[in-house]
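Visitor: TSV, N, CA and C atoms, file target_17.tsv:
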```tsv
chain	number	residue	atom	x	y	z
P	18	MET	N	99.20	72.86	73.63
P	18	MET	CA	100.15	73.44	74.54
P	18	MET	C	99.50	74.45	75.48
P	19	LYS	N	98.62	75.27	74.92
P	19	LYS	CA	97.98	76.30	75.74
P	19	LYS	C	97.14	75.67	76.84
P	20	LEU	N	96.65	74.47	76.59
P	20	LEU	CA	95.86	73.76	77.59
P	20	LEU	C	96.68	73.48	78.85
P	21	LEU	N	97.97	73.25	78.68
P	21	LEU	CA	98.86	73.03	79.81
P	21	LEU	C	99.09	74.31	80.61
P	22	TYR	N	98.98	75.44	79.93
P	22	TYR	CA	99.22	76.73	80.58
P	22	TYR	C	98.11	77.08	81.57
P	23	LYS	N	96.88	76.69	81.29
P	23	LYS	CA	95.74	77.07	82.13
P	23	LYS	C	95.88	76.63	83.59
P	24	PRO	N	96.15	75.36	83.89
P	24	PRO	CA	96.29	74.97	85.31
P	24	PRO	C	97.45	75.68	86.00
P	25	LEU	N	98.56	75.83	85.29
P	25	LEU	CA	99.70	76.54	85.85
P	25	LEU	C	99.33	77.99	86.14
P	26	SER	N	98.60	78.59	85.24
P	26	SER	CA	98.16	79.97	85.40
P	26	SER	C	97.27	80.13	86.63
P	27	LEU	N	96.41	79.18	86.88
P	27	LEU	CA	95.53	79.23	88.05
P	27	LEU	C	96.33	79.16	89.36
P	28	VAL	N	97.33	78.31	89.39
P	28	VAL	CA	98.17	78.19	90.58
P	28	VAL	C	98.96	79.48	90.80
P	29	ILE	N	99.52	80.01	89.73
P	29	ILE	CA	100.29	81.26	89.83
P	29	ILE	C	99.38	82.39	90.29
P	30	SER	N	98.15	82.44	89.80
P	30	SER	CA	97.21	83.49	90.20
P	30	SER	C	96.88	83.40	91.69
P	31	ALA	N	96.68	82.18	92.17
P	31	ALA	CA	96.38	82.00	93.60
P	31	ALA	C	97.56	82.46	94.46
P	32	LEU	N	98.76	82.08	94.07
P	32	LEU	CA	99.94	82.51	94.81
P	32	LEU	C	100.12	84.03	94.71
P	33	GLY	N	99.77	84.58	93.57
P	33	GLY	CA	99.84	86.03	93.39
P	33	GLY	C	98.89	86.75	94.32
P	34	GLY	N	97.70	86.18	94.52
P	34	GLY	CA	96.74	86.77	95.45
P	34	GLY	C	97.28	86.80	96.87
P	35	VAL	N	97.94	85.74	97.26
P	35	VAL	CA	98.55	85.68	98.59
P	35	VAL	C	99.66	86.72	98.71
P	36	LEU	N	100.50	86.79	97.68
P	36	LEU	CA	101.59	87.76	97.67
P	36	LEU	C	101.05	89.19	97.72
P	37	ALA	N	100.06	89.49	96.89
P	37	ALA	CA	99.48	90.83	96.86
P	37	ALA	C	98.85	91.18	98.21
P	38	GLY	N	98.19	90.23	98.84
P	38	GLY	CA	97.61	90.48	100.16
P	38	GLY	C	98.67	90.83	101.20
P	39	ALA	N	99.79	90.13	101.15
P	39	ALA	CA	100.88	90.40	102.09
P	39	ALA	C	101.50	91.77	101.83
P	40	VAL	N	101.69	92.10	100.55
P	40	VAL	CA	102.26	93.41	100.20
P	40	VAL	C	101.31	94.52	100.64
P	41	PHE	N	100.01	94.33	100.42
P	41	PHE	CA	99.03	95.33	100.83
P	41	PHE	C	99.04	95.51	102.34
P	42	LYS	N	99.07	94.42	103.07
P	42	LYS	CA	99.04	94.51	104.54
P	42	LYS	C	100.25	95.29	105.05
P	43	LYS	N	101.45	94.98	104.52
P	43	LYS	CA	102.66	95.69	104.94
P	43	LYS	C	102.58	97.16	104.53
P	44	SER	N	102.07	97.43	103.34
P	44	SER	CA	101.95	98.81	102.87
P	44	SER	C	100.98	99.59	103.75
P	45	TRP	N	99.85	98.97	104.08
P	45	TRP	CA	98.87	99.66	104.91
P	45	TRP	C	99.43	99.94	106.30
P	46	GLN	N	100.15	98.99	106.86
P	46	GLN	CA	100.77	99.19	108.17
P	46	GLN	C	101.75	100.36	108.12
P	47	ALA	N	102.53	100.45	107.04
P	47	ALA	CA	103.51	101.53	106.92
P	47	ALA	C	102.84	102.89	106.76
P	48	ILE	N	101.73	102.92	106.03
P	48	ILE	CA	101.03	104.18	105.78
P	48	ILE	C	100.24	104.65	106.99
P	49	SER	N	99.48	103.73	107.59
P	49	SER	CA	98.54	104.13	108.63
P	49	SER	C	98.98	103.81	110.05
P	50	GLY	N	99.87	102.85	110.19
P	50	GLY	CA	100.26	102.41	111.52
P	50	GLY	C	99.29	101.39	112.11
P	51	ASP	N	98.20	101.11	111.41
P	51	ASP	CA	97.22	100.12	111.86
P	51	ASP	C	97.57	98.75	111.30
P	52	ASP	N	97.24	97.70	112.05
P	52	ASP	CA	97.51	96.34	111.59
P	52	ASP	C	96.57	95.91	110.46
P	53	GLU	N	95.36	96.38	110.49
P	53	GLU	CA	94.35	95.98	109.50
P	53	GLU	C	93.79	97.20	108.78
P	54	ALA	N	93.51	97.03	107.51
P	54	ALA	CA	92.86	98.10	106.74
P	54	ALA	C	91.37	98.11	107.11
P	55	PRO	N	90.73	99.27	107.05
P	55	PRO	CA	89.32	99.32	107.40
P	55	PRO	C	88.46	98.64	106.33
P	56	LYS	N	87.44	97.95	106.78
P	56	LYS	CA	86.48	97.36	105.85
P	56	LYS	C	85.52	98.44	105.39
P	57	ALA	N	84.91	98.24	104.25
P	57	ALA	CA	84.00	99.24	103.70
P	57	ALA	C	82.82	99.49	104.62
P	58	THR	N	82.44	98.51	105.41
P	58	THR	CA	81.28	98.65	106.31
P	58	THR	C	81.66	99.17	107.70
P	59	ALA	N	82.93	99.45	107.92
P	59	ALA	CA	83.39	99.91	109.23
P	59	ALA	C	83.08	101.40	109.36
P	60	THR	N	81.95	101.72	109.95
P	60	THR	CA	81.51	103.11	110.03
P	60	THR	C	82.31	103.95	111.02
P	61	GLU	N	83.14	103.31	111.82
P	61	GLU	CA	83.97	104.09	112.76
P	61	GLU	C	85.17	104.74	112.05
P	62	HIS	N	85.42	104.33	110.79
P	62	HIS	CA	86.49	104.92	110.00
P	62	HIS	C	85.91	105.95	109.03
P	63	ARG	N	86.69	106.96	108.74
P	63	ARG	CA	86.25	107.98	107.79
P	63	ARG	C	86.21	107.39	106.39
P	64	ILE	N	85.30	107.88	105.58
P	64	ILE	CA	85.15	107.37	104.22
P	64	ILE	C	86.45	107.54	103.43
P	65	ARG	N	87.16	108.63	103.68
P	65	ARG	CA	88.42	108.87	102.98
P	65	ARG	C	89.41	107.74	103.25
P	66	GLU	N	89.48	107.29	104.49
P	66	GLU	CA	90.39	106.20	104.85
P	66	GLU	C	89.97	104.89	104.20
P	67	VAL	N	88.68	104.62	104.19
P	67	VAL	CA	88.17	103.40	103.56
P	67	VAL	C	88.47	103.40	102.07
P	68	LEU	N	88.25	104.53	101.40
P	68	LEU	CA	88.48	104.60	99.96
P	68	LEU	C	89.96	104.55	99.62
P	69	LEU	N	90.79	105.16	100.44
P	69	LEU	CA	92.23	105.08	100.23
P	69	LEU	C	92.71	103.64	100.34
P	70	ALA	N	92.23	102.93	101.34
P	70	ALA	CA	92.61	101.52	101.52
P	70	ALA	C	92.17	100.70	100.31
P	71	ALA	N	90.95	100.93	99.83
P	71	ALA	CA	90.45	100.18	98.68
P	71	ALA	C	91.25	100.49	97.42
P	72	ALA	N	91.59	101.76	97.21
P	72	ALA	CA	92.37	102.14	96.03
P	72	ALA	C	93.77	101.53	96.08
P	73	LEU	N	94.40	101.57	97.24
P	73	LEU	CA	95.74	100.99	97.39
P	73	LEU	C	95.70	99.49	97.16
P	74	GLN	N	94.70	98.84	97.73
P	74	GLN	CA	94.58	97.39	97.57
P	74	GLN	C	94.36	97.03	96.10
P	75	GLY	N	93.50	97.76	95.42
P	75	GLY	CA	93.25	97.49	94.00
P	75	GLY	C	94.49	97.70	93.15
P	76	ALA	N	95.23	98.76	93.43
P	76	ALA	CA	96.45	99.04	92.66
P	76	ALA	C	97.48	97.94	92.87
P	77	ILE	N	97.67	97.53	94.10
P	77	ILE	CA	98.66	96.48	94.39
P	77	ILE	C	98.25	95.17	93.73
P	78	PHE	N	96.99	94.79	93.85
P	78	PHE	CA	96.54	93.54	93.23
P	78	PHE	C	96.68	93.61	91.72
P	79	GLY	N	96.37	94.75	91.12
P	79	GLY	CA	96.49	94.91	89.68
P	79	GLY	C	97.93	94.79	89.19
P	80	VAL	N	98.84	95.42	89.90
P	80	VAL	CA	100.25	95.37	89.52
P	80	VAL	C	100.80	93.95	89.67
P	81	VAL	N	100.49	93.30	90.77
P	81	VAL	CA	100.98	91.93	90.98
P	81	VAL	C	100.41	91.00	89.91
P	82	LYS	N	99.12	91.13	89.60
P	82	LYS	CA	98.51	90.28	88.57
P	82	LYS	C	99.16	90.50	87.21
P	83	ALA	N	99.35	91.75	86.84
P	83	ALA	CA	99.97	92.05	85.54
P	83	ALA	C	101.39	91.50	85.47
P	84	ALA	N	102.15	91.65	86.55
P	84	ALA	CA	103.54	91.16	86.57
P	84	ALA	C	103.58	89.64	86.44
P	85	LEU	N	102.70	88.96	87.16
P	85	LEU	CA	102.69	87.49	87.09
P	85	LEU	C	102.17	87.00	85.74
P	86	ASP	N	101.14	87.64	85.20
P	86	ASP	CA	100.64	87.25	83.87
P	86	ASP	C	101.71	87.43	82.81
P	87	ARG	N	102.40	88.56	82.88
P	87	ARG	CA	103.45	88.82	81.90
P	87	ARG	C	104.59	87.81	82.05
P	88	GLY	N	105.02	87.57	83.27
P	88	GLY	CA	106.09	86.60	83.50
P	88	GLY	C	105.71	85.21	83.04
P	89	GLY	N	104.46	84.83	83.30
P	89	GLY	CA	103.99	83.52	82.85
P	89	GLY	C	103.95	83.40	81.35
P	90	ALA	N	103.50	84.45	80.67
P	90	ALA	CA	103.46	84.43	79.21
P	90	ALA	C	104.86	84.35	78.62
P	91	GLU	N	105.79	85.09	79.20
P	91	GLU	CA	107.17	85.05	78.72
P	91	GLU	C	107.80	83.68	78.96
P	92	ALA	N	107.55	83.09	80.12
P	92	ALA	CA	108.08	81.76	80.42
P	92	ALA	C	107.49	80.72	79.47
P	93	PHE	N	106.19	80.83	79.19
P	93	PHE	CA	105.53	79.91	78.25
P	93	PHE	C	106.17	80.03	76.87
P	94	GLU	N	106.40	81.26	76.43
P	94	GLU	CA	106.99	81.46	75.11
P	94	GLU	C	108.42	80.92	75.05
P	95	ARG	N	109.21	81.17	76.10
P	95	ARG	CA	110.58	80.65	76.14
P	95	ARG	C	110.60	79.12	76.12
P	96	THR	N	109.66	78.52	76.86
P	96	THR	CA	109.64	77.06	76.98
P	96	THR	C	109.13	76.37	75.72
P	97	THR	N	108.07	76.93	75.14
P	97	THR	CA	107.41	76.27	74.01
P	97	THR	C	107.75	76.87	72.65
P	98	GLY	N	108.24	78.11	72.65
P	98	GLY	CA	108.49	78.79	71.38
P	98	GLY	C	107.23	79.37	70.77
P	99	LYS	N	106.11	79.27	71.48
P	99	LYS	CA	104.82	79.77	70.97
P	99	LYS	C	104.31	80.88	71.87
P	100	LYS	N	103.66	81.86	71.25
P	100	LYS	CA	103.03	82.94	72.01
P	100	LYS	C	101.64	82.48	72.45
P	101	LEU	N	101.19	82.98	73.59
P	101	LEU	CA	99.85	82.63	74.08
P	101	LEU	C	98.75	83.21	73.19
P	102	GLU	N	99.04	84.29	72.51
P	102	GLU	CA	98.04	84.95	71.67
P	102	GLU	C	97.74	84.17	70.41
P	103	ASP	N	98.65	83.31	69.97
P	103	ASP	CA	98.47	82.56	68.71
P	103	ASP	C	97.31	81.60	68.77
```
Could you render the structure from this file as structure tokens?
Guide:
Amino acid sequence: MKLLYKPLSLVISALGGVLAGAVFKKSWQAISGDDEAPKATATEHRIREVLLAAALQGAIFGVVKAALDRGGAEAFERTTGKKLED
């Protein structure tokens, strides 16, 4: 059963990455007013701005990944009656 979960998990993770990217872009626009977050190599931006963007992006991706992993595990358990940890 767990073997069936792996491909589904990969698809959900890919969609989660797209979702997290969109959430980050909207969040960055709201915070900074800029359309794009600065890249780490963009020396025209202050280091504080670059690090803030990286921290925000990491936090958003982490939260989205945890939410999707948890939802997937709960759906798997509801559907199969088995926990992924077993």
Visitor: With only C-alpha atoms as the counted atoms, please give the residues lying no more than 12 Å from P:Asp51, apart from itself and same-chain residues fewer than 5 positions off, as a ChimeraX atom specification.
Guide: /P:42-46,62,66,70
Visitor: Enter the distance from atom CA of P:Leu32 to atom N of P:Leu20, in Å, rounded to one decimal.
Guide: 20.2 Å
Visitor: Calculate how many Å separate atom C of P:Asp86 from atom N of P:Ala57, rounding to one decimal.
Guide: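 About the pair atom C of P:Asp86 and atom N of P:Ala57: they are 29.3 Å apart.
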Visitor: Find the distance between atom N of P:Arg65 and atom C of P:Ala39 and write it in Å to one decimal.
Guide: 22.2 Å
Visitor: Which of these, P:Leu69, P:Val28, P:Leu101, P:Ala37, has the shortest distance to P:Lys82 once you count all atoms listed in the file?
Guide: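 Between P:Leu69, P:Val28, P:Leu101, P:Ala37, the residue approaching P:Lys82 most closely is P:Ala37.
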Visitor: I need the residue nearest P:Phe78 from this list: P:Leu36, P:Lys99, P:Thr58, P:Ile48. Use all atoms listed in the file for the distance.
Guide: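 Distance minimum relative to P:Phe78 lands on P:Leu36.
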Visitor: Name the residues in contact with stretch 92-97 of chain P at a cut-off of 10 Å, using only C-alpha atoms, excluding same-chain residues fewer than 5 positions from it; report them as a VMD selection string.
Guide: chain P and resid 18 to 19 21 to 22 86 to 87
Visitor: If we count only N, CA and C atoms and set the cut-off at 8 Å, which residues sit around P:Leu68, ignoring sequence neighbours fewer than 4 positions away in its own chain? Please answer as number ranges by chain.
Guide: P: 55-57, 63-64, 72-74
Visitor: Given only C-alpha atoms as the basis, pick out the residue of P:Asp52, P:Gly33, P:Glu102, P:Ala59 nearest to P:Val80.
Guide: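 The closest residue to P:Val80 is P:Gly33.
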Visitor: Kindly provide, as JSON, the centre and edge lengths (Å, one decimal) of an axis-aligned box around all atoms of stretch 94-98 of chain P given in the file, with 8 Å on each side.
Guide:
```
{"center_x": 108.5, "center_y": 78.9, "center_z": 73.9, "size_x": 20.2, "size_y": 21.2, "size_z": 22.2}
```
Visitor: Taking only N, CA and C atoms into account, which of P:Glu61, P:Leu85, P:Phe41, P:Ala76 comes nearest P:Ile29?
Guide: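 Ranking P:Glu61, P:Leu85, P:Phe41, P:Ala76 by distance to P:Ile29, first place goes to P:Leu85.
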Visitor: Nearest to P:Ala84 among P:Ala71, P:Glu53, P:Lys100, P:Ser30, with distances taken over only C-alpha atoms: which residue is it?
Guide: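 Under the stated criterion, the closest residue is P:Ser30.
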